[in-house]
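For reference, start-v9.pdb is printed below; it contains PDB, C-alpha atoms.
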ATOM      1  CA  MET A   3      52.601 -16.087 -60.309  1.00  0.00           C
ATOM      2  CA  SER A   4      53.802 -15.136 -63.844  1.00  0.00           C
ATOM      3  CA  ASP A   5      54.488 -11.534 -64.848  1.00  0.00           C
ATOM      4  CA  GLY A   6      53.246 -12.265 -68.404  1.00  0.00           C
ATOM      5  CA  GLY A   7      56.785 -11.960 -69.900  1.00  0.00           C
ATOM      6  CA  GLY A   8      57.477 -15.636 -69.361  1.00  0.00           C
ATOM      7  CA  GLY A   9      60.638 -15.151 -67.341  1.00  0.00           C
ATOM      8  CA  ARG A  10      59.930 -14.511 -63.646  1.00  0.00           C
ATOM      9  CA  SER A  11      57.356 -16.026 -61.248  1.00  0.00           C
ATOM     10  CA  TRP A  12      56.219 -15.011 -57.736  1.00  0.00           C
ATOM     11  CA  ARG A  13      54.901 -17.024 -54.811  1.00  0.00           C
ATOM     12  CA  LEU A  14      53.133 -15.887 -51.665  1.00  0.00           C
ATOM     13  CA  VAL A  15      54.750 -17.406 -48.631  1.00  0.00           C
ATOM     14  CA  ARG A  16      53.266 -17.149 -45.065  1.00  0.00           C
ATOM     15  CA  ALA A  17      55.919 -15.999 -42.723  1.00  0.00           C
ATOM     16  CA  ASP A  18      56.581 -18.231 -39.752  1.00  0.00           C
ATOM     17  CA  THR A  19      55.650 -16.666 -36.424  1.00  0.00           C
ATOM     18  CA  ASP A  20      59.233 -17.016 -35.391  1.00  0.00           C
ATOM     19  CA  ALA A  21      60.064 -14.600 -38.170  1.00  0.00           C
ATOM     20  CA  VAL A  22      58.115 -11.827 -36.348  1.00  0.00           C
ATOM     21  CA  PRO A  23      60.221 -10.286 -33.624  1.00  0.00           C
ATOM     22  CA  ALA A  24      59.052 -10.941 -30.068  1.00  0.00           C
ATOM     23  CA  SER A  25      58.773  -7.237 -29.366  1.00  0.00           C
ATOM     24  CA  VAL A  26      56.377  -6.838 -32.281  1.00  0.00           C
ATOM     25  CA  ARG A  27      54.321  -9.805 -31.124  1.00  0.00           C
ATOM     26  CA  ARG A  28      54.087  -8.329 -27.632  1.00  0.00           C
ATOM     27  CA  PHE A  29      53.072  -4.964 -29.048  1.00  0.00           C
ATOM     28  CA  MET A  30      50.362  -6.588 -31.158  1.00  0.00           C
ATOM     29  CA  ALA A  31      49.083  -8.617 -28.182  1.00  0.00           C
ATOM     30  CA  ARG A  32      48.917  -5.504 -26.034  1.00  0.00           C
ATOM     31  CA  ALA A  33      47.053  -3.702 -28.808  1.00  0.00           C
ATOM     32  CA  ARG A  34      44.507  -6.516 -29.009  1.00  0.00           C
ATOM     33  CA  ARG A  35      44.022  -6.460 -25.252  1.00  0.00           C
ATOM     34  CA  ARG A  36      43.513  -2.697 -25.285  1.00  0.00           C
ATOM     35  CA  ARG A  37      40.910  -3.042 -28.022  1.00  0.00           C
ATOM     36  CA  LEU A  38      39.120  -5.751 -26.047  1.00  0.00           C
ATOM     37  CA  GLN A  39      39.297  -3.730 -22.841  1.00  0.00           C
ATOM     38  CA  ALA A  40      37.960  -0.670 -24.627  1.00  0.00           C
ATOM     39  CA  ALA A  41      35.094  -2.629 -26.153  1.00  0.00           C
ATOM     40  CA  LEU A  42      34.166  -4.552 -22.973  1.00  0.00           C
ATOM     41  CA  PRO A  43      32.322  -1.701 -21.139  1.00  0.00           C
ATOM     42  CA  TRP A  44      30.279  -0.996 -24.252  1.00  0.00           C
ATOM     43  CA  ALA A  45      29.407  -4.653 -24.608  1.00  0.00           C
ATOM     44  CA  VAL A  46      28.424  -4.886 -20.918  1.00  0.00           C
ATOM     45  CA  ALA A  47      26.362  -1.688 -21.162  1.00  0.00           C
ATOM     46  CA  ALA A  48      24.611  -2.960 -24.263  1.00  0.00           C
ATOM     47  CA  GLY A  49      23.835  -6.248 -22.524  1.00  0.00           C
ATOM     48  CA  ILE A  50      22.484  -4.489 -19.442  1.00  0.00           C
ATOM     49  CA  SER A  51      20.379  -2.182 -21.618  1.00  0.00           C
ATOM     50  CA  LEU A  52      18.882  -5.147 -23.387  1.00  0.00           C
ATOM     51  CA  VAL A  53      18.043  -6.866 -20.098  1.00  0.00           C
ATOM     52  CA  VAL A  54      16.597  -3.696 -18.544  1.00  0.00           C
ATOM     53  CA  GLY A  55      14.625  -2.956 -21.684  1.00  0.00           C
ATOM     54  CA  ALA A  56      13.194  -6.453 -21.682  1.00  0.00           C
ATOM     55  CA  LEU A  57      12.217  -6.147 -18.018  1.00  0.00           C
ATOM     56  CA  VAL A  58      10.608  -2.717 -18.497  1.00  0.00           C
ATOM     57  CA  TRP A  59       8.674  -3.964 -21.487  1.00  0.00           C
ATOM     58  CA  THR A  60       7.519  -7.026 -19.524  1.00  0.00           C
ATOM     59  CA  VAL A  61       6.408  -4.928 -16.531  1.00  0.00           C
ATOM     60  CA  TYR A  62       4.841  -1.958 -18.330  1.00  0.00           C
ATOM     61  CA  GLY A  63       3.982  -3.253 -21.758  1.00  0.00           C
ATOM     62  CA  THR A  64       2.505  -6.703 -21.223  1.00  0.00           C
ATOM     63  CA  SER A  65      -0.066  -8.416 -19.037  1.00  0.00           C
ATOM     64  CA  VAL A  66       2.485 -10.858 -17.606  1.00  0.00           C
ATOM     65  CA  LEU A  67       2.386  -8.787 -14.392  1.00  0.00           C
ATOM     66  CA  GLY A  68      -1.123  -7.510 -15.042  1.00  0.00           C
ATOM     67  CA  VAL A  69      -3.969  -6.911 -12.596  1.00  0.00           C
ATOM     68  CA  ARG A  70      -5.744 -10.133 -11.700  1.00  0.00           C
ATOM     69  CA  SER A  71      -7.638  -9.090  -8.563  1.00  0.00           C
ATOM     70  CA  VAL A  72      -8.730  -6.191  -6.329  1.00  0.00           C
ATOM     71  CA  ASP A  73      -8.460  -6.638  -2.566  1.00  0.00           C
ATOM     72  CA  VAL A  74     -10.770  -4.386  -0.503  1.00  0.00           C
ATOM     73  CA  VAL A  75     -10.106  -4.013   3.235  1.00  0.00           C
ATOM     74  CA  GLY A  76     -11.534  -1.883   6.030  1.00  0.00           C
ATOM     75  CA  THR A  77     -15.199  -1.833   5.040  1.00  0.00           C
ATOM     76  CA  ASP A  78     -17.945  -1.862   7.661  1.00  0.00           C
ATOM     77  CA  SER A  79     -21.248  -0.452   6.443  1.00  0.00           C
ATOM     78  CA  LEU A  80     -20.135  -0.705   2.820  1.00  0.00           C
ATOM     79  CA  ALA A  81     -19.967  -4.010   0.971  1.00  0.00           C
ATOM     80  CA  PRO A  82     -16.570  -4.764  -0.621  1.00  0.00           C
ATOM     81  CA  VAL A  83     -18.265  -5.095  -4.006  1.00  0.00           C
ATOM     82  CA  GLN A  84     -19.472  -1.475  -3.740  1.00  0.00           C
ATOM     83  CA  VAL A  85     -15.900  -0.308  -3.310  1.00  0.00           C
ATOM     84  CA  GLU A  86     -14.730  -2.569  -6.120  1.00  0.00           C
ATOM     85  CA  GLN A  87     -17.307  -1.146  -8.488  1.00  0.00           C
ATOM     86  CA  ALA A  88     -16.415   2.420  -7.549  1.00  0.00           C
ATOM     87  CA  ALA A  89     -12.684   1.734  -7.986  1.00  0.00           C
ATOM     88  CA  ALA A  90     -13.339   0.505 -11.553  1.00  0.00           C
ATOM     89  CA  VAL A  91      -9.924  -1.143 -11.883  1.00  0.00           C
ATOM     90  CA  ARG A  92      -9.359  -2.519 -15.383  1.00  0.00           C
ATOM     91  CA  MET A  93      -8.296  -6.149 -15.237  1.00  0.00           C
ATOM     92  CA  ASN A  94      -5.149  -7.387 -17.032  1.00  0.00           C
ATOM     93  CA  GLN A  95      -3.652  -3.930 -17.424  1.00  0.00           C
ATOM     94  CA  PRO A  96       0.020  -3.797 -16.312  1.00  0.00           C
ATOM     95  CA  LEU A  97       0.047  -3.460 -12.526  1.00  0.00           C
ATOM     96  CA  ALA A  98       2.951  -1.006 -12.691  1.00  0.00           C
ATOM     97  CA  GLY A  99       0.912   1.343 -14.865  1.00  0.00           C
ATOM     98  CA  VAL A 100      -2.203   1.493 -12.700  1.00  0.00           C
ATOM     99  CA  ASP A 101      -3.141   5.083 -11.801  1.00  0.00           C
ATOM    100  CA  LEU A 102      -3.502   4.785  -8.021  1.00  0.00           C
ATOM    101  CA  ASP A 103      -4.575   8.407  -7.516  1.00  0.00           C
ATOM    102  CA  ARG A 104      -7.495   8.099  -9.903  1.00  0.00           C
ATOM    103  CA  ILE A 105      -8.688   4.929  -8.219  1.00  0.00           C
ATOM    104  CA  ARG A 106      -8.418   6.625  -4.825  1.00  0.00           C
ATOM    105  CA  GLY A 107     -10.432   9.594  -6.100  1.00  0.00           C
ATOM    106  CA  ARG A 108     -13.204   7.344  -7.370  1.00  0.00           C
ATOM    107  CA  VAL A 109     -13.408   5.430  -4.097  1.00  0.00           C
ATOM    108  CA  GLU A 110     -13.382   8.595  -1.983  1.00  0.00           C
ATOM    109  CA  ALA A 111     -16.342   9.838  -4.023  1.00  0.00           C
ATOM    110  CA  LEU A 112     -18.460   7.281  -2.154  1.00  0.00           C
ATOM    111  CA  PRO A 113     -20.375   9.271   0.514  1.00  0.00           C
ATOM    112  CA  ALA A 114     -19.539   6.803   3.291  1.00  0.00           C
ATOM    113  CA  VAL A 115     -15.775   6.888   2.625  1.00  0.00           C
ATOM    114  CA  GLU A 116     -13.713   9.389   4.598  1.00  0.00           C
ATOM    115  CA  ARG A 117     -10.467   8.437   2.874  1.00  0.00           C
ATOM    116  CA  ALA A 118      -8.922   5.606   0.897  1.00  0.00           C
ATOM    117  CA  ILE A 119      -5.397   4.252   0.468  1.00  0.00           C
ATOM    118  CA  VAL A 120      -4.657   2.436  -2.787  1.00  0.00           C
ATOM    119  CA  SER A 121      -1.495   0.394  -3.343  1.00  0.00           C
ATOM    120  CA  ARG A 122       0.005  -2.364  -5.477  1.00  0.00           C
ATOM    121  CA  SER A 123       0.590  -5.854  -4.157  1.00  0.00           C
ATOM    122  CA  TRP A 124       2.879  -7.721  -6.525  1.00  0.00           C
ATOM    123  CA  PRO A 125       2.576  -9.596  -8.691  1.00  0.00           C
ATOM    124  CA  SER A 126      -1.063  -8.956  -9.630  1.00  0.00           C
ATOM    125  CA  THR A 127      -3.264  -7.264  -6.996  1.00  0.00           C
ATOM    126  CA  VAL A 128      -4.546  -3.743  -6.373  1.00  0.00           C
ATOM    127  CA  VAL A 129      -5.242  -3.197  -2.659  1.00  0.00           C
ATOM    128  CA  VAL A 130      -7.900  -0.639  -1.665  1.00  0.00           C
ATOM    129  CA  GLU A 131      -7.909   0.204   2.043  1.00  0.00           C
ATOM    130  CA  VAL A 132     -11.022   2.116   3.091  1.00  0.00           C
ATOM    131  CA  VAL A 133     -11.572   4.275   6.161  1.00  0.00           C
ATOM    132  CA  GLU A 134     -15.301   4.833   6.550  1.00  0.00           C
ATOM    133  CA  ARG A 135     -16.887   7.871   8.128  1.00  0.00           C
ATOM    134  CA  THR A 136     -17.832   7.516  11.802  1.00  0.00           C
ATOM    135  CA  PRO A 137     -21.295   8.783  12.801  1.00  0.00           C
ATOM    136  CA  VAL A 138     -21.426  11.270  15.673  1.00  0.00           C
ATOM    137  CA  LEU A 139     -25.010  12.490  15.180  1.00  0.00           C
ATOM    138  CA  ALA A 140     -28.223  10.990  13.798  1.00  0.00           C
ATOM    139  CA  VAL A 141     -30.739  13.403  12.263  1.00  0.00           C
ATOM    140  CA  PRO A 142     -34.351  12.173  11.950  1.00  0.00           C
ATOM    141  CA  ALA A 143     -35.268  11.800   8.271  1.00  0.00           C
ATOM    142  CA  GLY A 144     -38.728  10.429   7.551  1.00  0.00           C
ATOM    143  CA  GLU A 145     -38.869   6.985   9.135  1.00  0.00           C
ATOM    144  CA  GLY A 146     -35.093   6.706   9.421  1.00  0.00           C
ATOM    145  CA  PHE A 147     -32.017   8.693  10.405  1.00  0.00           C
ATOM    146  CA  THR A 148     -29.368  10.503   8.402  1.00  0.00           C
ATOM    147  CA  LEU A 149     -25.910   9.942   9.857  1.00  0.00           C
ATOM    148  CA  ILE A 150     -23.466  12.840  10.212  1.00  0.00           C
ATOM    149  CA  ASP A 151     -19.738  12.560  10.854  1.00  0.00           C
ATOM    150  CA  ALA A 152     -17.458  14.894  12.833  1.00  0.00           C
ATOM    151  CA  GLU A 153     -17.032  17.134   9.769  1.00  0.00           C
ATOM    152  CA  GLY A 154     -20.759  17.631   9.418  1.00  0.00           C
ATOM    153  CA  VAL A 155     -21.039  15.466   6.316  1.00  0.00           C
ATOM    154  CA  ALA A 156     -24.419  13.752   5.955  1.00  0.00           C
ATOM    155  CA  TYR A 157     -23.420  10.524   4.273  1.00  0.00           C
ATOM    156  CA  ARG A 158     -25.951   7.766   4.888  1.00  0.00           C
ATOM    157  CA  THR A 159     -29.571   7.142   5.856  1.00  0.00           C
ATOM    158  CA  VAL A 160     -30.382   4.150   8.057  1.00  0.00           C
ATOM    159  CA  PRO A 161     -33.689   2.786   9.392  1.00  0.00           C
ATOM    160  CA  THR A 162     -32.634   2.828  13.058  1.00  0.00           C
ATOM    161  CA  ARG A 163     -30.353   5.058  15.103  1.00  0.00           C
ATOM    162  CA  PRO A 164     -26.980   3.408  15.865  1.00  0.00           C
ATOM    163  CA  ALA A 165     -26.387   2.691  19.542  1.00  0.00           C
ATOM    164  CA  GLY A 166     -24.517   5.463  21.299  1.00  0.00           C
ATOM    165  CA  VAL A 167     -25.149   8.067  18.582  1.00  0.00           C
ATOM    166  CA  PRO A 168     -27.281  10.988  19.880  1.00  0.00           C
ATOM    167  CA  VAL A 169     -30.196  12.388  17.935  1.00  0.00           C
ATOM    168  CA  ALA A 170     -29.617  15.859  16.438  1.00  0.00           C
ATOM    169  CA  ARG A 171     -32.497  18.250  15.806  1.00  0.00           C
ATOM    170  CA  LEU A 172     -31.231  20.216  12.812  1.00  0.00           C
ATOM    171  CA  ALA A 173     -33.230  21.814  10.031  1.00  0.00           C
ATOM    172  CA  ALA A 174     -30.573  21.591   7.308  1.00  0.00           C
ATOM    173  CA  PRO A 175     -27.672  19.352   8.365  1.00  0.00           C
ATOM    174  CA  GLY A 176     -24.416  19.767   6.481  1.00  0.00           C
ATOM    175  CA  PRO A 177     -20.824  21.022   6.827  1.00  0.00           C
ATOM    176  CA  GLU A 178     -21.788  24.564   5.732  1.00  0.00           C
ATOM    177  CA  ASP A 179     -24.815  24.830   8.035  1.00  0.00           C
ATOM    178  CA  VAL A 180     -24.143  27.140  10.998  1.00  0.00           C
ATOM    179  CA  ASN A 181     -26.449  25.154  13.281  1.00  0.00           C
ATOM    180  CA  THR A 182     -24.683  21.912  12.401  1.00  0.00           C
ATOM    181  CA  ARG A 183     -21.323  23.488  13.202  1.00  0.00           C
ATOM    182  CA  SER A 184     -22.657  24.699  16.562  1.00  0.00           C
ATOM    183  CA  ALA A 185     -23.901  21.214  17.402  1.00  0.00           C
ATOM    184  CA  LEU A 186     -20.515  19.699  16.579  1.00  0.00           C
ATOM    185  CA  THR A 187     -18.665  22.344  18.602  1.00  0.00           C
ATOM    186  CA  VAL A 188     -20.777  21.615  21.667  1.00  0.00           C
ATOM    187  CA  LEU A 189     -20.550  17.861  21.156  1.00  0.00           C
ATOM    188  CA  SER A 190     -16.744  17.941  21.005  1.00  0.00           C
ATOM    189  CA  ALA A 191     -16.595  19.868  24.300  1.00  0.00           C
ATOM    190  CA  LEU A 192     -18.722  17.484  26.370  1.00  0.00           C
ATOM    191  CA  THR A 193     -17.208  15.611  29.278  1.00  0.00           C
ATOM    192  CA  ALA A 194     -17.381  11.829  29.471  1.00  0.00           C
ATOM    193  CA  GLU A 195     -20.165  12.093  32.059  1.00  0.00           C
ATOM    194  CA  LEU A 196     -22.323  14.294  29.825  1.00  0.00           C
ATOM    195  CA  ARG A 197     -21.664  12.104  26.792  1.00  0.00           C
ATOM    196  CA  ASP A 198     -22.754   9.060  28.765  1.00  0.00           C
ATOM    197  CA  GLN A 199     -26.106  10.688  29.564  1.00  0.00           C
ATOM    198  CA  LEU A 200     -26.628  12.498  26.248  1.00  0.00           C
ATOM    199  CA  VAL A 201     -29.705  11.454  24.251  1.00  0.00           C
ATOM    200  CA  SER A 202     -30.169  14.389  21.896  1.00  0.00           C
ATOM    201  CA  ILE A 203     -28.880  17.805  20.913  1.00  0.00           C
ATOM    202  CA  SER A 204     -31.164  20.476  19.478  1.00  0.00           C
ATOM    203  CA  VAL A 205     -30.057  23.618  17.655  1.00  0.00           C
ATOM    204  CA  LEU A 206     -32.943  25.871  16.665  1.00  0.00           C
ATOM    205  CA  ALA A 207     -30.494  28.736  16.056  1.00  0.00           C
ATOM    206  CA  PRO A 208     -26.774  29.297  16.798  1.00  0.00           C
ATOM    207  CA  ALA A 209     -27.698  30.803  20.186  1.00  0.00           C
ATOM    208  CA  GLN A 210     -30.376  28.230  21.022  1.00  0.00           C
ATOM    209  CA  VAL A 211     -28.529  24.998  21.750  1.00  0.00           C
ATOM    210  CA  SER A 212     -29.915  22.517  24.277  1.00  0.00           C
ATOM    211  CA  LEU A 213     -29.049  18.974  25.333  1.00  0.00           C
ATOM    212  CA  GLY A 214     -31.516  16.210  26.110  1.00  0.00           C
ATOM    213  CA  LEU A 215     -30.231  13.852  28.812  1.00  0.00           C
ATOM    214  CA  ARG A 216     -31.500  10.609  30.271  1.00  0.00           C
ATOM    215  CA  ARG A 217     -34.502  10.672  32.623  1.00  0.00           C
ATOM    216  CA  GLY A 218     -35.965  13.587  30.664  1.00  0.00           C
ATOM    217  CA  ARG A 219     -33.463  16.177  31.866  1.00  0.00           C
ATOM    218  CA  THR A 220     -32.464  19.195  29.763  1.00  0.00           C
ATOM    219  CA  VAL A 221     -29.347  21.336  29.672  1.00  0.00           C
ATOM    220  CA  VAL A 222     -29.903  24.805  28.247  1.00  0.00           C
ATOM    221  CA  TRP A 223     -26.594  25.631  26.530  1.00  0.00           C
ATOM    222  CA  GLY A 224     -27.247  28.897  24.756  1.00  0.00           C
ATOM    223  CA  ASP A 225     -24.666  29.535  22.043  1.00  0.00           C
ATOM    224  CA  ASP A 226     -21.551  27.460  21.405  1.00  0.00           C
ATOM    225  CA  THR A 227     -19.116  29.883  23.049  1.00  0.00           C
ATOM    226  CA  GLN A 228     -17.361  28.887  26.314  1.00  0.00           C
ATOM    227  CA  SER A 229     -18.436  25.316  25.638  1.00  0.00           C
ATOM    228  CA  ASP A 230     -15.590  23.806  27.668  1.00  0.00           C
ATOM    229  CA  THR A 231     -16.560  25.877  30.714  1.00  0.00           C
ATOM    230  CA  LYS A 232     -20.257  25.116  30.257  1.00  0.00           C
ATOM    231  CA  ALA A 233     -19.479  21.398  30.019  1.00  0.00           C
ATOM    232  CA  ARG A 234     -17.546  21.425  33.314  1.00  0.00           C
ATOM    233  CA  VAL A 235     -20.273  23.407  35.094  1.00  0.00           C
ATOM    234  CA  ALA A 236     -23.073  21.180  33.778  1.00  0.00           C
ATOM    235  CA  THR A 237     -21.150  18.048  34.786  1.00  0.00           C
ATOM    236  CA  ALA A 238     -20.701  19.372  38.324  1.00  0.00           C
ATOM    237  CA  LEU A 239     -24.453  19.905  38.584  1.00  0.00           C
ATOM    238  CA  LEU A 240     -25.578  16.510  37.334  1.00  0.00           C
ATOM    239  CA  GLU A 241     -26.027  15.235  40.896  1.00  0.00           C
ATOM    240  CA  ARG A 242     -28.292  18.142  41.827  1.00  0.00           C
ATOM    241  CA  LYS A 243     -32.060  17.812  41.708  1.00  0.00           C
ATOM    242  CA  GLY A 244     -33.893  19.507  38.887  1.00  0.00           C
ATOM    243  CA  ASP A 245     -35.027  18.724  35.365  1.00  0.00           C
ATOM    244  CA  THR A 246     -33.483  21.761  33.687  1.00  0.00           C
ATOM    245  CA  ILE A 247     -29.899  22.972  34.093  1.00  0.00           C
ATOM    246  CA  ASP A 248     -29.248  26.353  32.485  1.00  0.00           C
ATOM    247  CA  VAL A 249     -25.565  27.011  31.780  1.00  0.00           C
ATOM    248  CA  SER A 250     -26.092  29.545  28.979  1.00  0.00           C
ATOM    249  CA  ALA A 251     -24.369  32.045  31.263  1.00  0.00           C
ATOM    250  CA  PRO A 252     -21.898  29.766  33.069  1.00  0.00           C
ATOM    251  CA  GLY A 253     -21.203  32.383  35.718  1.00  0.00           C
ATOM    252  CA  VAL A 254     -24.881  32.493  36.740  1.00  0.00           C
ATOM    253  CA  VAL A 255     -26.331  28.963  36.675  1.00  0.00           C
ATOM    254  CA  THR A 256     -29.927  28.080  37.372  1.00  0.00           C
ATOM    255  CA  ILE A 257     -31.533  24.691  38.084  1.00  0.00           C
ATOM    256  CA  LYS A 258     -35.267  24.079  37.907  1.00  0.00           C
TER
END

Is it possible to express this structure as structure tokens?
Amino acid sequence: MSDGGGGRSWRLVRADTDAVPASVRRFMARARRRRLQAALPWAVAAGISLVVGALVWTVYGTSVLGVRSVDVVGTDSLAPVQVEQAAAVRMNQPLAGVDLDRIRGRVEALPAVERAIVSRSWPSTVVVEVVERTPVLAVPAGEGFTLIDAEGVAYRTVPTRPAGVPVARLAAPGPEDVNTRSALTVLSALTAELRDQLVSISVLAPAQVSLGLRRGRTVVWGDDTQSDTKARVATALLERKGDTIDVSAPGVVTIK
């Protein structure tokens, strides 16, 4: 390189590595390693973030793991398609983003459903498990019967009375009806022997409960208080002759 005066020139010369002292080379190598070590956790974290982000996007933001089917289990009187329609699950939405509580609420709005359990079955199915109401009483309704569960809920009308379900004579069946509650209280207190013979239960008023048994026999129950005691007394008298057993005052029983 000329300095422009014409007399002196310069050249750049790469120094041989041997010209750098070993101590300096070691220092520089250690410095490079420290820089690499310092950068490595950040690089790993960035890589993990990218992978996690890609997975989250795939699961929540695409239909790769979307809903393809609805599996309904536990139905008896209901048809699976009725539950499916009530659930109203949108197909192809990301399975991870499905609102299970809303689906459960829609299914439990069906009168015949006591409760529902909704879950995800990977990779692409929503499972709806239904527990239907169990009838304990059948109230005459026109030419059929309205079924009532143990909570007093009238949930379904059927043309014939289910086997083993007693007839209930109630004017206004329902969970808030005092006569319905009396009928259920008495029913829950009956012994196995009384249940086996029970045909009907009539509640004209809270203090006018009576049971209709097989062979035309009647048990006058009175109100629903002391029902456990009345049930034991009535059971003990089943072998006695008489068409009417009056346990309305369980301490003073009459048989006619």

- Item | Within 7 Å of range 157-160 of chain A using all atoms listed in the file, minus same-chain residues under 5 positions, as a list of chain:residue names | A:Pro113, A:Ala114, A:Gly146, A:Phe147, A:Thr148, A:Leu149, A:Ile150

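Against this structure, the PyMOL selection byres ((chain A and resi 89) around 6) ends up with Glu86, Gln87, Ala88, Ala90, Val91, Ile105, Arg108 and Val109 of chain A.
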
Please dump the current selection as a JSON list (two decimals), keeping the file's coordinate frame; keep C-alpha atoms.
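out29.json, written as the output of this step:
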[["chain", "number", "residue", "atom", "x", "y", "z"],
["A", 86, "GLU", "CA", -14.73, -2.57, -6.12],
["A", 87, "GLN", "CA", -17.31, -1.15, -8.49],
["A", 88, "ALA", "CA", -16.42, 2.42, -7.55],
["A", 90, "ALA", "CA", -13.34, 0.50, -11.55],
["A", 91, "VAL", "CA", -9.92, -1.14, -11.88],
["A", 105, "ILE", "CA", -8.69, 4.93, -8.22],
["A", 108, "ARG", "CA", -13.20, 7.34, -7.37],
["A", 109, "VAL", "CA", -13.41, 5.43, -4.10]]

For this file, the PyMOL selection byres ((chain A and resi 235-245) around 10) selects which residues, as a short mmCIF file (atom, residue, chain, number, x, y, z; two decimals) with C-alpha atoms, in the frame of the given file?
data_model
loop_
_atom_site.label_atom_id
_atom_site.label_comp_id
_atom_site.auth_asym_id
_atom_site.auth_seq_id
_atom_site.Cartn_x
_atom_site.Cartn_y
_atom_site.Cartn_z
CA LEU A 192 -18.72 17.48 26.37
CA THR A 193 -17.21 15.61 29.28
CA ALA A 194 -17.38 11.83 29.47
CA GLU A 195 -20.16 12.09 32.06
CA LEU A 196 -22.32 14.29 29.82
CA ARG A 197 -21.66 12.10 26.79
CA GLN A 199 -26.11 10.69 29.56
CA LEU A 215 -30.23 13.85 28.81
CA ARG A 217 -34.50 10.67 32.62
CA GLY A 218 -35.97 13.59 30.66
CA ARG A 219 -33.46 16.18 31.87
CA THR A 220 -32.46 19.20 29.76
CA VAL A 221 -29.35 21.34 29.67
CA VAL A 222 -29.90 24.80 28.25
CA TRP A 223 -26.59 25.63 26.53
CA SER A 229 -18.44 25.32 25.64
CA ASP A 230 -15.59 23.81 27.67
CA THR A 231 -16.56 25.88 30.71
CA LYS A 232 -20.26 25.12 30.26
CA ALA A 233 -19.48 21.40 30.02
CA ARG A 234 -17.55 21.42 33.31
CA THR A 246 -33.48 21.76 33.69
CA ILE A 247 -29.90 22.97 34.09
CA ASP A 248 -29.25 26.35 32.48
CA VAL A 249 -25.56 27.01 31.78
CA PRO A 252 -21.90 29.77 33.07
CA GLY A 253 -21.20 32.38 35.72
CA VAL A 255 -26.33 28.96 36.67
CA THR A 256 -29.93 28.08 37.37
CA ILE A 257 -31.53 24.69 38.08
CA LYS A 258 -35.27 24.08 37.91
#

- Message: Report, in Å with one decimal, the straight-line distance from CA of Ala152 in chain A to CA of Pro137 in chain A.
- Response: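 CA of Ala152 in chain A sits 7.2 Å away from CA of Pro137 in chain A.
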
- Task: May I ask for the distance between CA of Leu102 in chain A and CA of Gly76 in chain A, given in Å to one decimal place?
- Result: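 Taking CA of Leu102 in chain A as the start and CA of Gly76 in chain A as the end point, the length is 17.5 Å.
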
- Message: Just to confirm, what's the straight-line distance from CA of Val155 in chain A to CA of Glu116 in chain A in Å (one decimal)?
- Response: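 Computing the Euclidean distance for CA of Val155 in chain A and CA of Glu116 in chain A yields 9.7 Å.
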
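Using only C-alpha atoms, the shortest contact distance between Asp78 in chain A and any of A:Ala111, A:Val133, A:Ala156, A:Ile50 is found at A:Val133.
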
- Query: For Asp225 in chain A, which residue among A:Gln95, A:Ser202, A:Ser190, A:Asn181 is the nearest when counting only C-alpha atoms?
  - Reply: A:Asn181

- Expanded to explicit residues, what is the PyMOL selection byres ((chain A and resi 74) around 8) for this file, as a list in words?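 Applying the PyMOL selection byres ((chain A and resi 74) around 8) to the structure shown produces Val72, Asp73, Val75, Gly76, Thr77, Pro82, Val85, Glu86, Val129, Val130, Glu131 and Val132 of chain A.
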
- How would you write as a list in words the residues that get within 8 Å of (-19.6, 19.6, 4.9) in the file's frame, counting only C-alpha atoms? Glu153, Gly154, Val155, Ala156, Gly176, Pro177 and Glu178 of chain A

- Query: Closest to Gly68 in chain A among A:Val115, A:Met93, A:Ala251, A:Val83, using all atoms listed in the file?
  - Reply: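 Counting all atoms listed in the file, the residue closest to Gly68 in chain A is A:Met93.
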
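For the set A:Val120, A:Ala165, A:Leu189, A:Ala24, the residue with the smallest atom-to-atom gap to Gly107 in chain A is A:Val120, counting all atoms listed in the file.
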